[in-house]
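Peer 1: What follows is model_15.csv, made up of CSV, C-alpha atoms:
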chain,number,residue,atom,x,y,z
U,1,MET,CA,6.2,-29.8,-9.5
U,2,ASN,CA,9.6,-28.7,-8.3
U,3,VAL,CA,10.3,-27.5,-4.7
U,4,GLU,CA,13.3,-25.3,-3.8
U,5,ARG,CA,13.9,-25.0,-0.1
U,6,THR,CA,15.1,-21.6,1.3
U,7,ILE,CA,17.8,-20.8,3.8
U,8,ILE,CA,15.0,-20.6,6.4
U,9,ASN,CA,13.4,-23.8,7.4
U,10,GLY,CA,9.8,-23.8,6.2
U,11,PRO,CA,9.3,-21.4,3.3
U,12,ALA,CA,9.8,-22.8,-0.2
U,13,LEU,CA,9.7,-21.8,-3.8
U,14,VAL,CA,7.3,-24.1,-5.7
U,15,ARG,CA,7.5,-24.4,-9.5
U,16,PRO,CA,4.5,-26.2,-11.1
U,17,GLY,CA,5.3,-27.8,-14.4
U,18,ARG,CA,3.8,-26.4,-17.6
U,19,ALA,CA,2.7,-28.4,-20.6
U,20,VAL,CA,3.5,-26.2,-23.6
U,21,ASP,CA,2.1,-26.6,-27.1
U,22,SER,CA,1.0,-24.3,-30.0
U,23,ARG,CA,-2.0,-23.1,-28.0
U,24,GLY,CA,0.1,-21.9,-25.1
U,25,TRP,CA,0.5,-23.7,-21.8
U,26,LEU,CA,-1.4,-25.6,-19.1
U,27,SER,CA,-0.3,-25.9,-15.5
U,28,GLU,CA,-1.6,-27.7,-12.4
U,29,ALA,CA,-1.5,-24.7,-10.1
U,30,PHE,CA,-2.7,-26.7,-7.1
U,31,SER,CA,-3.8,-30.3,-6.3
U,32,VAL,CA,-4.4,-31.7,-2.9
U,33,ARG,CA,-2.8,-35.0,-3.9
U,34,THR,CA,0.3,-33.3,-5.3
U,35,TRP,CA,0.6,-30.9,-2.3
U,36,ALA,CA,0.4,-33.7,0.2
U,37,GLY,CA,3.3,-35.4,-1.6
U,38,LEU,CA,5.5,-32.3,-1.4
U,39,GLY,CA,5.9,-32.6,2.4
U,40,LEU,CA,5.4,-28.9,2.9
U,41,SER,CA,2.3,-28.8,5.1
U,42,ASP,CA,-0.6,-31.1,6.1
U,43,ALA,CA,-2.8,-28.1,6.8
U,44,PRO,CA,-5.7,-27.8,4.4
U,45,PHE,CA,-6.3,-24.6,2.5
U,46,VAL,CA,-9.5,-23.0,3.7
U,47,GLN,CA,-9.6,-19.6,2.0
U,48,ASP,CA,-8.4,-18.0,-1.3
U,49,ASN,CA,-7.6,-14.2,-1.4
U,50,GLU,CA,-6.9,-12.1,-4.5
U,51,SER,CA,-5.4,-8.6,-4.8
U,52,PHE,CA,-5.2,-6.3,-7.8
U,53,SER,CA,-2.8,-3.4,-7.8
U,54,PRO,CA,-3.0,-1.0,-10.8
U,55,LEU,CA,0.2,0.8,-9.8
U,56,SER,CA,3.7,-0.5,-9.9
U,57,GLY,CA,5.3,0.1,-6.4
U,58,THR,CA,2.3,-1.0,-4.4
U,59,LEU,CA,3.5,-2.5,-1.1
U,60,ARG,CA,1.2,-4.7,0.9
U,61,GLY,CA,2.6,-6.0,4.2
U,62,LEU,CA,4.2,-7.2,6.2
U,63,HIS,CA,1.1,-9.0,7.5
U,64,PHE,CA,0.5,-12.0,9.8
U,65,GLN,CA,-2.1,-13.3,12.2
U,66,HIS,CA,-1.5,-14.2,15.8
U,67,ALA,CA,-2.1,-17.8,17.0
U,68,PRO,CA,-4.4,-19.6,17.0
U,69,HIS,CA,-5.3,-18.0,13.7
U,70,ALA,CA,-1.8,-18.0,12.2
U,71,GLN,CA,-1.9,-18.6,8.4
U,72,GLY,CA,0.2,-20.6,6.0
U,73,LYS,CA,0.2,-18.9,2.6
U,74,LEU,CA,0.7,-20.1,-1.0
U,75,VAL,CA,1.3,-17.1,-3.2
U,76,ARG,CA,1.2,-16.9,-6.9
U,77,VAL,CA,1.1,-14.1,-9.5
U,78,VAL,CA,-1.6,-14.3,-12.2
U,79,ARG,CA,-0.6,-11.1,-13.9
U,80,GLY,CA,2.4,-8.9,-13.5
U,81,ALA,CA,5.2,-9.4,-11.0
U,82,VAL,CA,6.0,-8.9,-7.3
U,83,PHE,CA,8.9,-8.9,-4.9
U,84,ASN,CA,7.6,-11.4,-2.3
U,85,VAL,CA,9.0,-11.3,1.3
U,86,VAL,CA,8.5,-13.4,4.3
U,87,VAL,CA,10.0,-12.7,7.8
U,88,ASP,CA,10.4,-15.5,10.4
U,89,LEU,CA,8.4,-14.6,13.5
U,90,ARG,CA,8.8,-17.9,15.3
U,91,ARG,CA,10.5,-16.8,18.6
U,92,ALA,CA,12.0,-20.2,19.2
U,93,SER,CA,13.5,-20.4,15.7
U,94,ALA,CA,17.3,-19.9,15.1
U,95,THR,CA,16.3,-17.7,12.2
U,96,PHE,CA,13.9,-15.4,14.1
U,97,GLY,CA,13.8,-12.0,12.4
U,98,ALA,CA,15.5,-13.3,9.2
U,99,HIS,CA,13.7,-12.9,5.9
U,100,VAL,CA,13.6,-14.6,2.5
U,101,ALA,CA,12.7,-12.6,-0.6
U,102,VAL,CA,12.0,-13.8,-4.2
U,103,MET,CA,10.6,-12.4,-7.4
U,104,LEU,CA,7.4,-14.0,-8.5
U,105,SER,CA,5.9,-13.3,-11.9
U,106,ALA,CA,3.0,-14.5,-14.1
U,107,ASP,CA,5.6,-15.3,-16.8
U,108,ASP,CA,7.3,-18.1,-14.9
U,109,GLY,CA,4.4,-19.3,-12.7
U,110,ALA,CA,6.5,-19.9,-9.6
U,111,GLN,CA,4.6,-19.9,-6.3
U,112,PHE,CA,5.9,-19.3,-2.8
U,113,TRP,CA,4.9,-21.3,0.3
U,114,SER,CA,5.1,-19.6,3.7
U,115,PRO,CA,4.1,-21.7,6.7
U,116,PRO,CA,2.3,-20.2,9.7
U,117,GLY,CA,4.7,-18.2,11.8
U,118,PHE,CA,5.9,-15.7,9.1
U,119,ALA,CA,4.9,-12.2,8.2
U,120,HIS,CA,4.3,-11.7,4.5
U,121,GLY,CA,4.5,-8.8,2.1
U,122,VAL,CA,4.6,-8.1,-1.6
U,123,LEU,CA,5.8,-5.1,-3.6
U,124,THR,CA,4.4,-4.9,-7.2
U,125,GLN,CA,7.0,-4.6,-9.9
U,126,ALA,CA,4.6,-4.0,-12.7
U,127,PRO,CA,1.3,-2.1,-13.2
U,128,ASP,CA,-1.9,-4.1,-13.1
U,129,THR,CA,-0.5,-6.9,-11.0
U,130,HIS,CA,-3.0,-9.6,-9.9
U,131,VAL,CA,-1.9,-11.9,-7.0
U,132,GLN,CA,-3.7,-15.0,-5.6
U,133,VAL,CA,-3.1,-16.4,-2.1
U,134,LYS,CA,-4.3,-19.7,-0.7
U,135,LEU,CA,-4.6,-19.7,3.1
U,136,THR,CA,-4.6,-22.4,5.8
U,137,ALA,CA,-6.7,-20.3,8.2
U,138,HIS,CA,-9.6,-18.0,7.8
U,139,PHE,CA,-9.1,-14.2,8.2
U,140,ALA,CA,-9.7,-13.3,11.9
U,141,PRO,CA,-9.7,-9.5,12.3
U,142,GLU,CA,-9.0,-9.7,16.0
U,143,ALA,CA,-5.7,-11.6,15.2
U,144,ALA,CA,-4.6,-9.5,12.3
U,145,ALA,CA,-1.2,-7.8,12.8
U,146,GLY,CA,1.9,-6.6,11.0
U,147,VAL,CA,5.5,-5.6,11.1
U,148,ALA,CA,7.0,-2.3,9.8
U,149,TRP,CA,8.0,-2.9,6.2
U,150,ASP,CA,10.9,-0.5,6.6
U,151,ASP,CA,12.2,-1.8,9.9
U,152,PRO,CA,16.0,-1.3,9.8
U,153,ASP,CA,16.6,-4.4,11.9
U,154,LEU,CA,15.0,-6.5,9.1
U,155,ALA,CA,17.2,-4.9,6.4
U,156,ILE,CA,14.9,-5.9,3.5
U,157,GLY,CA,16.2,-4.5,0.2
U,158,TRP,CA,12.9,-3.6,-1.3
U,159,PRO,CA,13.5,-3.0,-5.1
U,160,ALA,CA,11.2,0.0,-5.5
U,161,PRO,CA,10.3,0.6,-9.2
U,162,GLY,CA,9.3,4.2,-8.4
U,163,PRO,CA,7.3,5.8,-5.7
U,164,LEU,CA,5.8,3.5,-3.1
U,165,HIS,CA,2.0,3.2,-2.5
U,166,LEU,CA,1.0,1.9,0.9
U,167,SER,CA,-2.1,1.9,3.1
U,168,ASP,CA,-2.1,4.0,6.2
U,169,ARG,CA,-2.4,0.7,8.2
U,170,ASP,CA,0.8,-0.7,6.5
U,171,ARG,CA,2.7,2.5,7.3
U,172,ALA,CA,1.8,2.3,11.0
U,173,TRP,CA,2.9,-1.3,11.9
U,174,PRO,CA,5.5,-1.5,14.7
U,175,ARG,CA,9.1,-2.6,14.5
U,176,LEU,CA,9.8,-6.2,15.1
U,177,LYS,CA,11.6,-5.6,18.4
U,178,SER,CA,8.6,-3.9,19.9
U,179,LEU,CA,6.1,-6.4,18.7
U,180,PRO,CA,4.3,-8.7,21.2
U,181,ILE,CA,4.3,-11.8,19.0
U,182,VAL,CA,2.1,-14.8,20.0
U,183,LEU,CA,2.6,-17.4,17.2
Would you mind writing the structure in this file as structure tokens?

Peer 2:
Amino acid sequence: MNVERTIINGPALVRPGRAVDSRGWLSEAFSVRTWAGLGLSDAPFVQDNESFSPLSGTLRGLHFQHAPHAQGKLVRVVRGAVFNVVVDLRRASATFGAHVAVMLSADDGAQFWSPPGFAHGVLTQAPDTHVQVKLTAHFAPEAAAGVAWDDPDLAIGWPAPGPLHLSDRDRAWPRLKSLPIVL
């Protein structure tokens, strides 16, 4: 497993190895023993979420949970492709408000680790995209929150493959500068 650190301290691109032969490939997508040796987090994963988006251009995010329910997320694409974004919401961080964006696809199997303290979003780049997310904290509706995906202060260059498809909830999140963040 290869780990590529990002310009923001914490998030990382994780590339599991693949054993390839005439039948296809086999990959260890996750192992507690391997994960512990990567030095990314000592928090256990407690919940797995999956999303399926039939339409290219489906945007989910930017989501996070307030402390004490803040979630670390390990994101991987099982089918299709996404533009994956995390925004640093740690007020004491020198990179507060900065973001990291990477393309993730089922073709290359790369995963993205985002520790607690970050908002997360994905924009599907292909129809019928299936995403899996491992979480370090359970979903807590009272702690669920988000940041406006199109906040000009974040300056995220979303590569829209056509019209965007968002939930009403994701359209209504506040801008970062008006967000009372408790992480």

Peer 1: As a PyMOL selection string, please: the residues near U:Gly121 (cut-off 10 Å, all atoms listed in the file, same-chain neighbours under 4 positions excluded).

Peer 2: chain U and resi 59-64+82-87+101+146-147+149+170

Peer 1: Check the smallest atom-to-atom distance from each of U:Pro180, U:Pro161, U:Gly24, U:Pro141 to U:Leu123 using all atoms listed in the file, then report the winner.

Peer 2: U:Pro161

Peer 1: Separation of atom CA of U:Gln71 and atom CA of U:Leu13, in Å?

Peer 2: 17.1 Å

Peer 1: From the set U:Arg15, U:Arg171, U:Lys134, U:Arg91, which residue has the shortest atom-to-atom contact distance to U:Leu74, counting all atoms listed in the file?

Peer 2: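 Looking only at the distances to U:Leu74, the closest residue turns out to be U:Lys134.
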
Peer 1: For U:Gly72, which of U:Thr136, U:Gln47, U:Gln111, U:Ser105 is the closest residue, counting all atoms listed in the file?

Peer 2: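 Closest residue, counting all atoms listed in the file: U:Thr136.
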
Peer 1: Find the residues near U:Phe112: any atom within 8 Å, counting all atoms listed in the file, skip ones fewer than 3 places away on the same chain, and give them as a list in words.

Peer 2: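 After dropping sequence-adjacent residues, the list is Pro11, Ala12, Leu13, Val14, Lys73, Leu74, Val75, Arg76 and Leu104 of chain U.
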
Peer 1: Would you mind telling me which residue in U:Trp158, U:Phe45, U:Trp173, U:Phe30 lies nearest to U:Ala119 when using all atoms listed in the file?

Peer 2: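 Residue with the minimum atom-to-atom distance to U:Ala119: U:Trp173.
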
Peer 1: Report as a ChimeraX atom specification all protein, DNA and RNA residues lying within 8 Å of U:Glu50, evaluated on all atoms listed in the file, omitting residues in the same chain fewer than 4 positions from it.

Peer 2: /U:130-133

Peer 1: From the list U:His165, U:Asp128, U:Ala67, U:Ala137, which residue is nearest U:Val46 when using only C-alpha atoms?

Peer 2: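 Result for the nearest residue to U:Val46: U:Ala137.
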
Peer 1: Excluding U:Leu55 and any residue of its chain fewer than 2 positions from it, enumerate the residues within 10 Å of it, using only C-alpha atoms, and give them as a list in words.

Peer 2: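 Within the cut-off, the hits are Phe52, Ser53, Gly57, Thr58, Leu59, Thr124, Gln125, Ala126, Pro127, Asp128, Thr129, Gly162, Pro163, Leu164 and His165 of chain U.
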
Peer 1: Between atom CA of U:Gly39 and atom CA of U:His120, what is the distance in Å, rounded to a tenth?

Peer 2: 21.1 Å

Peer 1: With all atoms listed in the file as the atoms that count, which of U:Ala70, U:Ala98, U:Ala110, U:Leu40 lies nearest to U:Ser27?

Peer 2: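 Result for the nearest residue to U:Ser27: U:Ala110.
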
Peer 1: Mind giving me the straight-line distance from atom CA of U:Ala43 to atom CA of U:Ala144 in Å, one decimal?

Peer 2: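 If I compute the distance from atom CA of U:Ala43 to atom CA of U:Ala144, I get 19.5 Å.
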
Peer 1: Please provide the set of residues having any atom within 9 Å of U:Leu176, restricted to all atoms listed in the file, with same-chain residues fewer than 5 positions apart removed, written as a ChimeraX atom specification.

Peer 2: /U:89,97,146-148,151,153-154,181

Peer 1: Pull out stretch 36-52 of chain U, keep N, CA and C atoms, and write it as a PDB file, in the first residue's frame.

Peer 2:
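As a result, out_4.pdb now contains:
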ATOM      1  N   ALA U  36      -2.957   0.377  10.558  1.00  0.00           N
ATOM      2  CA  ALA U  36      -2.220   0.796  11.753  1.00  0.00           C
ATOM      3  C   ALA U  36      -0.772   1.135  11.411  1.00  0.00           C
ATOM      4  N   GLY U  37      -0.201   0.417  10.465  1.00  0.00           N
ATOM      5  CA  GLY U  37       1.183   0.661  10.076  1.00  0.00           C
ATOM      6  C   GLY U  37       1.385   1.878   9.185  1.00  0.00           C
ATOM      7  N   LEU U  38       0.300   2.439   8.646  1.00  0.00           N
ATOM      8  CA  LEU U  38       0.421   3.596   7.763  1.00  0.00           C
ATOM      9  C   LEU U  38       0.621   4.902   8.517  1.00  0.00           C
ATOM     10  N   GLY U  39       0.271   4.919   9.799  1.00  0.00           N
ATOM     11  CA  GLY U  39       0.435   6.127  10.596  1.00  0.00           C
ATOM     12  C   GLY U  39      -0.546   7.235  10.253  1.00  0.00           C
ATOM     13  N   LEU U  40      -1.698   6.901   9.687  1.00  0.00           N
ATOM     14  CA  LEU U  40      -2.672   7.921   9.326  1.00  0.00           C
ATOM     15  C   LEU U  40      -3.658   8.199  10.460  1.00  0.00           C
ATOM     16  N   SER U  41      -4.083   7.171  11.164  1.00  0.00           N
ATOM     17  CA  SER U  41      -5.064   7.346  12.228  1.00  0.00           C
ATOM     18  C   SER U  41      -5.065   6.114  13.112  1.00  0.00           C
ATOM     19  N   ASP U  42      -5.300   6.346  14.391  1.00  0.00           N
ATOM     20  CA  ASP U  42      -5.462   5.202  15.281  1.00  0.00           C
ATOM     21  C   ASP U  42      -6.935   5.003  15.652  1.00  0.00           C
ATOM     22  N   ALA U  43      -7.812   5.815  15.066  1.00  0.00           N
ATOM     23  CA  ALA U  43      -9.249   5.686  15.326  1.00  0.00           C
ATOM     24  C   ALA U  43      -9.798   4.495  14.556  1.00  0.00           C
ATOM     25  N   PRO U  44     -10.597   3.665  15.203  1.00  0.00           N
ATOM     26  CA  PRO U  44     -11.180   2.522  14.486  1.00  0.00           C
ATOM     27  C   PRO U  44     -12.322   2.968  13.570  1.00  0.00           C
ATOM     28  N   PHE U  45     -12.495   2.245  12.491  1.00  0.00           N
ATOM     29  CA  PHE U  45     -13.650   2.492  11.634  1.00  0.00           C
ATOM     30  C   PHE U  45     -14.849   1.799  12.262  1.00  0.00           C
ATOM     31  N   VAL U  46     -15.974   2.521  12.348  1.00  0.00           N
ATOM     32  CA  VAL U  46     -17.154   1.993  13.037  1.00  0.00           C
ATOM     33  C   VAL U  46     -18.383   1.899  12.140  1.00  0.00           C
ATOM     34  N   GLN U  47     -18.319   2.473  10.949  1.00  0.00           N
ATOM     35  CA  GLN U  47     -19.488   2.487  10.072  1.00  0.00           C
ATOM     36  C   GLN U  47     -19.019   2.547   8.628  1.00  0.00           C
ATOM     37  N   ASP U  48     -19.721   1.826   7.754  1.00  0.00           N
ATOM     38  CA  ASP U  48     -19.471   1.903   6.309  1.00  0.00           C
ATOM     39  C   ASP U  48     -20.715   2.466   5.645  1.00  0.00           C
ATOM     40  N   ASN U  49     -20.538   3.449   4.776  1.00  0.00           N
ATOM     41  CA  ASN U  49     -21.631   4.020   3.986  1.00  0.00           C
ATOM     42  C   ASN U  49     -21.361   3.751   2.515  1.00  0.00           C
ATOM     43  N   GLU U  50     -22.426   3.668   1.739  1.00  0.00           N
ATOM     44  CA  GLU U  50     -22.314   3.534   0.298  1.00  0.00           C
ATOM     45  C   GLU U  50     -23.282   4.491  -0.357  1.00  0.00           C
ATOM     46  N   SER U  51     -22.878   5.025  -1.504  1.00  0.00           N
ATOM     47  CA  SER U  51     -23.794   5.837  -2.303  1.00  0.00           C
ATOM     48  C   SER U  51     -23.735   5.349  -3.739  1.00  0.00           C
ATOM     49  N   PHE U  52     -24.872   5.462  -4.408  1.00  0.00           N
ATOM     50  CA  PHE U  52     -24.957   5.141  -5.823  1.00  0.00           C
ATOM     51  C   PHE U  52     -25.595   6.332  -6.511  1.00  0.00           C
TER      52      PHE U  52
END
